[in-house]
Each structure stands twice: as C-alpha cells, then as structure tokens.
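Input: a single structure, listed below in structure tokens.
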Amino acid sequence: MAEKKIQENPIPDGSHTDVTDKQKDVAKLPIIKVTPPPTIPVQVPRLTISSFTKTPPNELYRKLLPALLFILTFVTVMTMLLIYMDTFALGAQQFRQNMTQDKELASISAESPTLVAYVRQLHLAPRPPRVPPPPPEPTPRVAVLDRVLGELHNGTLVEFLVRGPRDATAAFLQRARGWRGVAVRAAPRDFLALRGAVALHACLAAGAHPRVVSYEEAEAGGGVFRSRVLCLPLLTVLLAADAPRAHYTALAGPAAPAALEALPFAGLRLRVIDFRSTDPAALARTTRVLLARNYTVAATFDDGIMYALDDAADADADADE
C-alpha cells in the first residue's frame with residue numbers, strides 16, 4: 001500500500017533543478033532602479049481683501065484723500081462748466097433778441113447835448129478818398145439852388161439818404177463851391193463807400209427820439225445782410241453837423257415825412273429842402289407839412305420835389321412870435 005501512494009504522486013524529475021536555475025538567471029540580470037519624478041509644490045494664489053476696519057484712522061484718511069480730492073475737483077469743474085454754458089446761452093439769447101427787436105430810446109430827446117456830442121465826436125469822421133474823383137458836373141438841382149440862393153459859395157448842406165453813393169448835387173457843391181456838411185447813409189456798405197466827406201452811419205428816425213433798429217440789406221447772391229443801425233432825429237443830425245441853418249437839406253426814405261412833422265422849425269432855418277421820393281402819398285404829405293411851415297414848391301423832378309423857404313413869410317412869422 002505504501003508503494004502505491006508513492007507511485008500515485010510521483011515527484012517530477014528536474015522540477016527543483018528548474019526553479020534553482022531560474023533563480024540563478026534572475027540573479028544574473030542587472031538591477032534597474034526607477035526613481036520617481038520630483039514633485040513640484042503647487043501654490044494656489046490667495047485673494048486678499050484689504051479691510052478698512054482693521055486700518056488705523058490716519059492710514060485710512062491717507063488712502064481716501066486722493067479719491068476725495070478727485071471727486072471735489074471734478075464736481076467743481078463741472079459746476080463751473082455748467083454755469084459758463086448757462087451764461088453763454090443767456091448771452092446768445094439776449095444778443096438774438098437785441099438783433100431782432102427795435103428799441104425806442106424815449107428818454108433821450110433829439111436836442112440832448114450828450115447825444116449831440118456823442119454823434120459829433122464818435123460818428124462824424126471825414127475819410128479821404130482812395131483816388132481823386134473826377135471833376136463834378138452841375139446837376140439840374142444845382143440850377144434850382146442858384147435860382148433860389150444865387151451862386152453861393154461856402155454853404156452848408158445835409159445829405160440824409162437811405163442808400164446809394166455820394167449824391168451828385170452835394171458832391172458838386174462841396175468840391176466846386178467849397179460847401180461843408182455831412183453825408184448820412186443807413187446801408188452799411190454804402191456808408192463805408194463814402195469818401196471825401198464827413199460821413200455818418202445812421203437812419204432817419206420818424207419821431208423826436210433816437211431808435212436802434214434792425215436793418216436788412218439784400219446781397220448780390222440773393223442773401224440778406226442784417227445789421228443794427230442807430231436812427232437819429234433830423235434835429236440831432238443838424239445840431240451835430242453845426243447845420244441848424246443849412247442852405248440845402250436832402251432827405252429820402254419812408255420816415256422823412258414824419259421826421260419833418262416832428263422837427264421843431266422854431267430856431268431853425270433850412271433854406272431848401274429836397275425830398276427824394278416817388279411815392280405820391282409821401283410827396284403829398286411832405287408838401288402839406290412844408291407848406292404849413294412857410295415853404296413853397298421850388299421845382300419838381302421825376303424822383304422828388306424841392307421846397308424853398310419863403311423868406312418874407314418866415315420873417316413875418318418870426319416877427320409875430
């Protein structure tokens with residue numbers, strides 16, 4: 001029985017030897033050491049929020065001071081800018097209002113010494129011509145003046161027209177016979193073109209007080225040039241030009257009849273009045289006013305009527321006064 005057990009579990013031949021050989025072979029192999037990669041520590045950024053509650057008061061004020069100064073400067077600059085814009089807007093509005101509305105200077109009388117001195121000193125300024133003008137020629141109105149006044153030299157004239165160049169009759173009297181006087185124009189460009197005469201930029205006031213009005217002048221391109229013009233009573237211009245006894249007074253414009261009605265003829269002696277107009281109603285009104293002031297019709301023209309003072313009737317009127 002013992003023999004059978006041994007036979008049933010036989011020990012394989014050479015098994016121990018194979019194991020031993022494998023161990024020997026493993027022992028002969030080179031040993032490779034594997035080193036792990038170095039580990040790099042990862043630093044996670046930490047968010048820090050400064051806490052003002054933990055800051056000392058002096059340090060807190062030092063940090064807040066630049067911000068407070070910036071806010072104060074910004075508010076100051078913006079406030080000044082808003083005030084400037086409001087002031088500029090009000091000024092522009094006032095300027096537009098002044099340019100569109102007429103102003104009646106009712107507190108200033110026509111014979112005010114201050115107004116007369118202002119016009120005489122600041123506005124009556126002679127300007128020499130750029131080039132000598134051609135020799136003047138006598139006009140039909142000069143012939144009427146010679147018939148009424150005689151061939152008078154060194155006379156006095158007032159040329160109060162709305163627009164246009166220098167009047168030919170006034171230019172002849174000034175250059176050929178030595179008359180003195182003033183040329184008045186309401187149109188700005190015509191006033192600037194006056195040369196060789198005492199010029200005044202003004203329009204004729206219809207009443208006894210000066211006015212400041214808007215004046216529109218048509219331009220060549222179809223536009224309109226707007227400006228402000230001082231309208232003066234006729235008496236103010238006569239006194240400023242030292243011509244209360246002018247020998248020749250030329251008037252034009254729609255305000256002339258009303259200006260003659262408001263003119264106090266007492267103390268004045270306008271020998272010849274030349275009203276330039278083609279309006280029948282204005283001519284009729286002027287004739288009615290002057291005939292009541294001891295004037296007669298001296299001559300009629302296509303563009304107006306000349307009136308001469310009746311010396312005998314004027315002397316009788318002065319005697320009655």
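Chain lettering (A, B, ...) mirrors the order of the structure tokens, residue numbering begins at 1 for each chain separately, and ligand numbering begins at 1 in order of display.
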
Cut-off 12 Å: closest region 215-319 of chain A/region 151-166 of chain A atom pairs per residue, using only C-alpha atoms, as a Markdown table:
```
| residue | atom | partner | partner_atom | distance |
| --- | --- | --- | --- | --- |
| A:Tyr215 | CA | A:Val162 | CA | 10.9 |
| A:Glu216 | CA | A:Arg163 | CA | 11.9 |
| A:Glu217 | CA | A:Arg163 | CA | 9.8 |
| A:Ala218 | CA | A:Arg163 | CA | 11.8 |
| A:Val229 | CA | A:Val162 | CA | 11.5 |
| A:Cys231 | CA | A:Val162 | CA | 11.0 |
| A:Leu232 | CA | A:Phe160 | CA | 10.6 |
| A:Pro233 | CA | A:Phe160 | CA | 10.9 |
| A:Leu234 | CA | A:Phe160 | CA | 8.7 |
| A:Leu235 | CA | A:Val158 | CA | 11.2 |
| A:Thr236 | CA | A:Val158 | CA | 11.8 |
| A:Val237 | CA | A:Val158 | CA | 8.4 |
| A:Leu238 | CA | A:Val158 | CA | 7.5 |
| A:Leu239 | CA | A:Val158 | CA | 10.9 |
| A:Ala240 | CA | A:Val158 | CA | 10.9 |
| A:Ala241 | CA | A:Val158 | CA | 8.1 |
| A:Asp242 | CA | A:Thr156 | CA | 8.8 |
| A:Ala243 | CA | A:Thr156 | CA | 6.5 |
| A:Pro244 | CA | A:Thr156 | CA | 9.3 |
| A:Arg245 | CA | A:Thr156 | CA | 7.8 |
| A:Ala246 | CA | A:Thr156 | CA | 4.9 |
| A:His247 | CA | A:Thr156 | CA | 5.4 |
| A:Tyr248 | CA | A:Leu157 | CA | 4.7 |
| A:Thr249 | CA | A:Val158 | CA | 4.8 |
| A:Ala250 | CA | A:Glu159 | CA | 4.9 |
| A:Leu251 | CA | A:Phe160 | CA | 5.0 |
| A:Ala252 | CA | A:Leu161 | CA | 5.0 |
| A:Gly253 | CA | A:Val162 | CA | 6.0 |
| A:Pro254 | CA | A:Val162 | CA | 9.4 |
| A:Ala255 | CA | A:Val162 | CA | 10.0 |
| A:Ala256 | CA | A:Phe160 | CA | 9.4 |
| A:Ala259 | CA | A:Phe160 | CA | 11.5 |
| A:Arg269 | CA | A:Thr156 | CA | 11.5 |
| A:Leu270 | CA | A:Leu157 | CA | 9.4 |
| A:Arg271 | CA | A:Leu157 | CA | 10.0 |
| A:Val272 | CA | A:Leu157 | CA | 9.5 |
| A:Ile273 | CA | A:Val158 | CA | 9.6 |
| A:Asp274 | CA | A:Glu159 | CA | 9.4 |
| A:Phe275 | CA | A:Leu161 | CA | 9.6 |
| A:Arg276 | CA | A:Leu161 | CA | 8.4 |
| A:Ser277 | CA | A:Leu161 | CA | 10.6 |
```

Worksheet item: as number ranges by chain, which residues of region 58-307 of chain A does DSSP assign to helix (DSSP H, G or I)?
Response: A: 58-100, 113-122, 140-149, 168-177, 188-193, 234-240, 256-262, 280-291

Discussion item. Just to confirm, what's the straight-line distance from CA of Asp146 (chain A) to CA of Thr169 (chain A) in Å (one decimal)?
Written reply: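 Computing the Euclidean distance for CA of Asp146 (chain A) and CA of Thr169 (chain A) yields 11.9 Å.
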
Worksheet item: Taking only C-alpha atoms into account, which of A:Leu173, A:Ala168, A:Ser227, A:Asn58 comes nearest Ala186 (chain A)?
Response: A:Ser227

Practice prompt. Identify, on the basis of only C-alpha atoms, every residue whose closest approach to Ala208 (chain A) does not exceed 7 Å; exclude the query and any residue fewer than 5 positions from it along the same chain; express the result as a list of chain:residue names.
Written response: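 Near Ala208 (chain A), the qualifying residues are A:Ser109, A:Ala110, A:Pro233, A:Ala262.
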
Can you write just those residues out, N, CA, C and O atoms, as a PDB file, in the first residue's frame?
```pdb
ATOM      1  N   SER A 109     -33.895 162.996 -25.686  1.00  0.00           N
ATOM      2  CA  SER A 109     -34.514 163.951 -26.607  1.00  0.00           C
ATOM      3  C   SER A 109     -33.602 164.201 -27.796  1.00  0.00           C
ATOM      4  O   SER A 109     -32.399 163.927 -27.755  1.00  0.00           O
ATOM      5  N   ALA A 110     -34.193 164.745 -28.850  1.00  0.00           N
ATOM      6  CA  ALA A 110     -33.412 164.990 -30.067  1.00  0.00           C
ATOM      7  C   ALA A 110     -32.344 166.042 -29.871  1.00  0.00           C
ATOM      8  O   ALA A 110     -31.275 165.970 -30.479  1.00  0.00           O
ATOM      9  N   PRO A 233     -32.995 161.462 -34.915  1.00  0.00           N
ATOM     10  CA  PRO A 233     -33.887 162.538 -35.385  1.00  0.00           C
ATOM     11  C   PRO A 233     -33.120 163.523 -36.267  1.00  0.00           C
ATOM     12  O   PRO A 233     -31.902 163.696 -36.130  1.00  0.00           O
ATOM     13  N   ALA A 262     -42.126 166.078 -36.999  1.00  0.00           N
ATOM     14  CA  ALA A 262     -41.613 166.160 -35.632  1.00  0.00           C
ATOM     15  C   ALA A 262     -40.506 167.188 -35.471  1.00  0.00           C
ATOM     16  O   ALA A 262     -40.081 167.441 -34.342  1.00  0.00           O
TER      17      ALA A 262
END
```

Practice prompt. As a PyMOL selection string, please: all residues of region 50-261 of chain A that backbone DSSP puts in strand (DSSP E or B).
Written response: chain A and resi 103-104+125-127+156-160+180-185+197-201+203-204+211-218+224-232+248-252
